[in-house]
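As stored in run_36.pdb (PDB, C-alpha atoms):
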```pdb
ATOM      1  CA  MET A  13     -18.250   7.236 -13.445
ATOM      2  CA  SER A  14     -17.310  10.873 -13.885
ATOM      3  CA  ALA A  15     -14.066  11.766 -15.616
ATOM      4  CA  ILE A  16     -11.167  13.101 -13.533
ATOM      5  CA  ASP A  17      -8.588  15.549 -14.883
ATOM      6  CA  LYS A  18      -5.531  13.412 -15.519
ATOM      7  CA  LYS A  19      -2.956  15.951 -14.324
ATOM      8  CA  ALA A  20      -4.801  16.403 -11.024
ATOM      9  CA  PHE A  21      -5.270  12.640 -10.629
ATOM     10  CA  ILE A  22      -1.568  11.922 -11.158
ATOM     11  CA  ALA A  23      -0.566  14.767  -8.818
ATOM     12  CA  ASP A  24      -2.841  13.393  -6.078
ATOM     13  CA  LEU A  25      -1.466   9.853  -6.400
ATOM     14  CA  TYR A  26       2.099  11.174  -6.348
ATOM     15  CA  GLN A  27       1.517  13.291  -3.234
ATOM     16  CA  ARG A  28      -0.166  10.425  -1.361
ATOM     17  CA  THR A  29       2.685   8.062  -2.214
ATOM     18  CA  GLU A  30       5.255  10.662  -1.144
ATOM     19  CA  THR A  31       3.491  10.903   2.224
ATOM     20  CA  ILE A  32       3.659   7.121   2.644
ATOM     21  CA  LEU A  33       7.346   7.063   1.692
ATOM     22  CA  GLU A  34       8.217   9.875   4.100
ATOM     23  CA  LYS A  35       6.483   8.027   6.955
ATOM     24  CA  ALA A  36       8.373   4.838   6.130
ATOM     25  CA  ILE A  37      11.736   6.650   6.102
ATOM     26  CA  LYS A  38      11.119   8.742   9.216
ATOM     27  CA  GLU A  39       9.269   6.137  11.303
ATOM     28  CA  TYR A  40       9.437   2.513  10.159
ATOM     29  CA  GLN A  41      13.113   2.668   9.231
ATOM     30  CA  ASN A  42      13.972   3.715  12.801
ATOM     31  CA  LEU A  43      12.033   0.973  14.593
ATOM     32  CA  ASP A  44      13.961  -1.837  16.267
ATOM     33  CA  GLN A  45      13.334  -5.564  15.893
ATOM     34  CA  PRO A  46      10.975  -5.919  18.913
ATOM     35  CA  MET A  47       8.833  -3.019  17.688
ATOM     36  CA  LEU A  48       8.663  -4.365  14.134
ATOM     37  CA  SER A  49       7.793  -7.839  15.448
ATOM     38  CA  PHE A  50       5.206  -6.825  18.061
ATOM     39  CA  SER A  51       1.608  -7.939  17.560
ATOM     40  CA  ALA A  52      -1.255  -7.073  19.882
ATOM     41  CA  SER A  53      -2.608 -10.628  19.855
ATOM     42  CA  LYS A  54      -1.993 -14.029  18.286
ATOM     43  CA  ASP A  55      -4.515 -13.170  15.573
ATOM     44  CA  SER A  56      -2.988  -9.753  14.813
ATOM     45  CA  TRP A  57      -0.197  -8.865  12.426
ATOM     46  CA  SER A  58       3.016  -7.129  13.383
ATOM     47  CA  ILE A  59       4.323  -4.085  11.511
ATOM     48  CA  ALA A  60       6.778  -6.327   9.647
ATOM     49  CA  GLN A  61       3.922  -8.615   8.592
ATOM     50  CA  VAL A  62       1.869  -5.673   7.359
ATOM     51  CA  LEU A  63       4.823  -4.485   5.288
ATOM     52  CA  SER A  64       5.404  -8.008   3.977
ATOM     53  CA  HIS A  65       1.754  -8.105   2.881
ATOM     54  CA  LEU A  66       2.117  -4.763   1.085
ATOM     55  CA  ASN A  67       5.410  -5.837  -0.474
ATOM     56  CA  SER A  68       3.703  -8.908  -1.948
ATOM     57  CA  TYR A  69       1.423  -6.544  -3.898
ATOM     58  CA  GLY A  70       4.398  -4.513  -5.070
ATOM     59  CA  ASN A  71       6.202  -7.682  -6.127
ATOM     60  CA  TYR A  72       3.305  -8.458  -8.439
ATOM     61  CA  TYR A  73       2.218  -5.054  -9.744
ATOM     62  CA  LEU A  74       5.426  -3.013  -9.972
ATOM     63  CA  PRO A  75       7.130  -5.226 -12.599
ATOM     64  CA  LYS A  76       3.943  -5.128 -14.673
ATOM     65  CA  MET A  77       3.768  -1.340 -14.450
ATOM     66  CA  GLU A  78       7.458  -0.969 -15.263
ATOM     67  CA  ALA A  79       6.992  -3.288 -18.259
ATOM     68  CA  ILE A  80       4.328  -0.913 -19.610
ATOM     69  CA  LEU A  81       6.865   1.916 -19.525
ATOM     70  CA  GLU A  82       9.456  -0.137 -21.412
ATOM     71  CA  LYS A  83       7.202  -0.322 -24.465
ATOM     72  CA  PRO A  84       6.601   2.467 -26.996
ATOM     73  CA  ILE A  85       3.892   4.732 -25.593
ATOM     74  CA  GLU A  86       1.424   6.889 -27.498
ATOM     75  CA  PHE A  87       1.275  10.080 -25.423
ATOM     76  CA  SER A  88      -2.165  10.777 -23.950
ATOM     77  CA  THR A  89      -3.650  13.471 -21.726
ATOM     78  CA  GLN A  90      -7.120  11.916 -21.742
ATOM     79  CA  ALA A  91      -9.067  12.264 -18.480
ATOM     80  CA  TYR A  92      -9.256   9.195 -16.249
ATOM     81  CA  THR A  93     -12.604   7.493 -15.690
ATOM     82  CA  SER A  94     -12.782   4.689 -13.140
ATOM     83  CA  SER A  95     -14.579   1.464 -14.057
ATOM     84  CA  TRP A  96     -17.376   0.178 -11.808
ATOM     85  CA  LEU A  97     -15.171  -2.737 -10.730
ATOM     86  CA  GLY A  98     -12.216  -0.467 -10.046
ATOM     87  CA  THR A  99     -14.415   1.818  -7.962
ATOM     88  CA  TYR A 100     -15.708  -1.215  -6.043
ATOM     89  CA  PHE A 101     -12.192  -2.427  -5.165
ATOM     90  CA  VAL A 102     -10.991   1.048  -4.197
ATOM     91  CA  ASN A 103     -14.048   1.627  -1.993
ATOM     92  CA  MET A 104     -13.379  -1.697  -0.254
ATOM     93  CA  MET A 105      -9.985  -0.374   0.816
ATOM     94  CA  ASP A 106     -11.065   3.179   1.630
ATOM     95  CA  VAL A 107     -11.369   3.369   5.436
ATOM     96  CA  GLY A 108     -13.689   6.334   5.027
ATOM     97  CA  LYS A 109     -16.159   4.092   3.215
ATOM     98  CA  SER A 110     -15.529   0.631   4.674
ATOM     99  CA  ASN A 111     -14.240  -0.559   8.037
ATOM    100  CA  LYS A 112     -14.839  -4.188   7.153
ATOM    101  CA  ARG A 113     -11.893  -6.524   7.702
ATOM    102  CA  TYR A 114     -10.824  -8.715   4.800
ATOM    103  CA  LYS A 115      -8.811 -11.910   4.886
ATOM    104  CA  ALA A 116      -5.676 -11.617   2.773
ATOM    105  CA  ALA A 117      -5.544 -13.863  -0.284
ATOM    106  CA  LYS A 118      -3.133 -16.792  -0.040
ATOM    107  CA  GLN A 119      -0.562 -15.149  -2.336
ATOM    108  CA  HIS A 120      -0.593 -12.036  -0.150
ATOM    109  CA  GLN A 121      -0.215 -13.687   3.246
ATOM    110  CA  PRO A 122       2.840 -12.217   5.016
ATOM    111  CA  ILE A 123       6.048 -14.233   5.183
ATOM    112  CA  VAL A 124       8.728 -12.476   7.231
ATOM    113  CA  ALA A 125      12.306 -13.764   7.355
ATOM    114  CA  ASP A 126      13.979 -10.450   8.189
ATOM    115  CA  VAL A 127      12.003  -7.536   9.662
ATOM    116  CA  TYR A 128      14.551  -4.952   8.522
ATOM    117  CA  ALA A 129      14.528  -6.340   4.976
ATOM    118  CA  GLU A 130      10.751  -5.835   4.835
ATOM    119  CA  VAL A 131      11.148  -2.161   5.761
ATOM    120  CA  ALA A 132      13.917  -1.660   3.188
ATOM    121  CA  GLU A 133      11.871  -3.403   0.496
ATOM    122  CA  PHE A 134       8.795  -1.311   1.300
ATOM    123  CA  ILE A 135      10.791   1.920   0.978
ATOM    124  CA  SER A 136      12.310   0.730  -2.305
ATOM    125  CA  GLN A 137       8.868  -0.153  -3.657
ATOM    126  CA  GLN A 138       7.410   3.242  -2.769
ATOM    127  CA  GLU A 139      10.307   4.918  -4.588
ATOM    128  CA  ARG A 140       9.601   2.742  -7.642
ATOM    129  CA  MET A 141       5.918   3.612  -7.387
ATOM    130  CA  LEU A 142       6.730   7.322  -7.458
ATOM    131  CA  ARG A 143       8.810   6.866 -10.620
ATOM    132  CA  CYS A 144       5.975   4.930 -12.270
ATOM    133  CA  ILE A 145       3.303   7.458 -11.326
ATOM    134  CA  LYS A 146       5.383  10.306 -12.730
ATOM    135  CA  ALA A 147       6.050   8.404 -15.955
ATOM    136  CA  PHE A 148       2.368   7.498 -16.331
ATOM    137  CA  SER A 149       1.493  11.177 -16.811
ATOM    138  CA  GLY A 150       1.720  10.513 -20.544
ATOM    139  CA  VAL A 151       0.089   7.064 -20.582
ATOM    140  CA  ASP A 152      -3.594   6.410 -21.287
ATOM    141  CA  LEU A 153      -4.865   5.293 -17.865
ATOM    142  CA  ASN A 154      -8.107   3.976 -19.360
ATOM    143  CA  LYS A 155      -6.930   1.849 -22.289
ATOM    144  CA  THR A 156      -3.881   0.369 -20.539
ATOM    145  CA  LYS A 157      -4.924  -2.555 -18.332
ATOM    146  CA  ILE A 158      -3.318  -4.957 -15.853
ATOM    147  CA  ALA A 159      -4.525  -8.392 -14.707
ATOM    148  CA  ILE A 160      -5.219  -8.370 -10.975
ATOM    149  CA  SER A 161      -3.147 -10.593  -8.697
ATOM    150  CA  ILE A 162      -6.009 -12.597  -7.195
ATOM    151  CA  ALA A 163      -7.775 -13.363 -10.498
ATOM    152  CA  LYS A 164      -5.517 -13.210 -13.568
ATOM    153  CA  LEU A 165      -8.472 -13.303 -15.984
ATOM    154  CA  VAL A 166      -9.775 -10.020 -14.554
ATOM    155  CA  LYS A 167      -8.100  -6.876 -15.847
ATOM    156  CA  LEU A 168      -8.423  -3.373 -14.442
ATOM    157  CA  LYS A 169      -7.612  -0.033 -15.992
ATOM    158  CA  LEU A 170      -4.144   1.215 -15.049
ATOM    159  CA  GLY A 171      -5.739   4.187 -13.271
ATOM    160  CA  ASP A 172      -7.872   1.811 -11.180
ATOM    161  CA  VAL A 173      -4.846  -0.280 -10.262
ATOM    162  CA  LEU A 174      -2.854   2.767  -9.154
ATOM    163  CA  CYS A 175      -5.721   4.108  -7.070
ATOM    164  CA  PHE A 176      -6.362   0.706  -5.494
ATOM    165  CA  LEU A 177      -2.705   0.116  -4.594
ATOM    166  CA  ILE A 178      -2.295   3.504  -2.926
ATOM    167  CA  THR A 179      -5.634   3.346  -1.084
ATOM    168  CA  HIS A 180      -4.785  -0.199   0.049
ATOM    169  CA  THR A 181      -1.395   0.960   1.330
ATOM    170  CA  GLU A 182      -2.975   3.902   3.166
ATOM    171  CA  ARG A 183      -5.392   1.483   4.836
ATOM    172  CA  HIS A 184      -2.486  -0.547   6.173
ATOM    173  CA  VAL A 185      -0.551   2.556   7.219
ATOM    174  CA  ARG A 186      -3.494   3.230   9.527
ATOM    175  CA  GLN A 187      -3.254  -0.366  10.732
ATOM    176  CA  ILE A 188       0.430   0.167  11.559
ATOM    177  CA  LYS A 189      -0.491   3.263  13.564
ATOM    178  CA  LYS A 190      -2.928   1.142  15.595
ATOM    179  CA  ILE A 191      -0.219  -1.480  16.191
ATOM    180  CA  GLN A 192       2.126   1.233  17.415
ATOM    181  CA  SER A 193      -0.584   2.582  19.741
ATOM    182  CA  ALA A 194      -1.267  -0.896  21.129
ATOM    183  CA  GLN A 195       2.436  -1.376  21.740
ATOM    184  CA  THR A 196       2.750   2.005  23.481
ATOM    185  CA  ASP A 197      -0.295   1.213  25.648
ATOM    186  CA  GLY A 198       1.199  -2.157  26.565
ATOM    187  CA  LEU A 199       4.521  -0.612  27.553
ATOM    188  CA  SER A 200       2.731   2.031  29.627
ATOM    189  CA  GLN A 201       0.708  -0.592  31.482
ATOM    190  CA  ARG A 202       3.826  -2.647  32.240
ATOM    191  CA  ALA A 203       5.591   0.492  33.473
ATOM    192  CA  ILE A 204       2.683   1.279  35.804
ATOM    193  CA  LEU A 205       2.660  -2.271  37.181
ATOM    194  CA  ALA A 206       6.442  -2.219  37.649
ATOM    195  CA  SER A 207       6.206   1.042  39.588
ATOM    196  CA  PHE A 208       4.199  -0.725  42.312
ATOM    197  CA  GLY A 209       7.076  -3.135  42.849
ATOM    198  CA  PRO A 210       6.901  -6.869  43.738
TER     199      PRO A 210
END
```

Structure translated into structure tokens:
Amino acid sequence: MSAIDKKAFIADLYQRTETILEKAIKEYQNLDQPMLSFSASKDSWSIAQVLSHLNSYGNYYLPKMEAILEKPIEFSTQAYTSSWLGTYFVNMMDVGKSNKRYKAAKQHQPIVADVYAEVAEFISQQERMLRCIKAFSGVDLNKTKIAISIAKLVKLKLGDVLCFLITHTERHVRQIKKIQSAQTDGLSQRAILASFGP
């Protein structure tokens, strides 16, 4: 894989995460319980379930990334080079390269007790992600590795993990947009039917 300038790579990840955070604050935070709980069908997730799924990834990866920053770090500006496995996982999540649907692993199945808590947790996690990305500007993204959540014996470069997490989140942000569209369409159809009266 070709090397990517580290400063540009970090800046891109930071900007993409900022965009996700801004959307969560401006949109998701202002949705009511019915909107957060709506699903287009019995086999579809609601917005709260999507966020719960994403939060399960943050619950695993963020503490591991923060632990890296708590240790003494040898400053590095070395360019980032994705591994073949990292590229494979990122491409799986990139909607521009794959529209295939994947079943969530057992540990990442959504469990929603409080829809508002899921939104708050998602916003908190994106803020933590921004702090990590900024701090990783001096960390070697190639040598530092993290075991992946679905197979602890498999480790990916830190740069691969960051790229995967953000691309994965962006994929689900698009899913949320589709849920919102389905909900809007449903409300419009009910309004049309109601206008004809009994």

For Phe87 (chain A), please output as a compact mmCIF listing (two decimals) with C-alpha atoms, in the frame of the given file all residues within 9 Å (counting all atoms listed in the file; exclusion window: fewer than 3 positions along the same chain).
```
# COMPACT_ATOMS: atom_id res chain seq x y z
CA SER A 149 1.49 11.18 -16.81
CA GLY A 150 1.72 10.51 -20.54
CA VAL A 151 0.09 7.06 -20.58
CA ASP A 152 -3.59 6.41 -21.29
```

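Residues in contact with region 64-69 of chain A at up to 9 Å, not including ones fewer than 4 positions away on its chain and judged by all atoms listed in the file, are Ile59, Ala60, Tyr73, Leu74, Ala116, Gln119, His120, Gln121, Pro122, Ile123, Val124, Val127, Glu130, Val131, Glu133, Phe134, Gln137, Ser161, Leu177, His180, Thr181 and His184 of chain A.
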
Legend entry - One-decimal distance in Å that lies between CA of Asp172 (chain A) and CA of Leu153 (chain A): 8.1 Å

Inset, instruction - Record the distance separating CA of Gln138 (chain A) and CA of Thr29 (chain A), expressed in Å with one decimal. - result: 6.8 Å

Inset, instruction - Convert the output of the PyMOL selection byres ((chain A and resi 51) around 12) on the shown file into explicit residues, formatted as a VMD selection string. - result: chain A and resid 46 to 50 52 to 62 187 to 188 190 to 196 198

Inset, instruction - One decimal, Å: what's the distance from CA of Arg183 (chain A) over to CA of Leu63 (chain A), could you say? - result: 11.8 Å

Box for region 44-47 of chain A - axis-aligned, 4 Å on each of the six sides, all listed atoms - centre and size in Å to one decimal, as JSON.
```
{"center_x": 11.4, "center_y": -3.9, "center_z": 17.4, "size_x": 13.1, "size_y": 12.1, "size_z": 11.0}
```
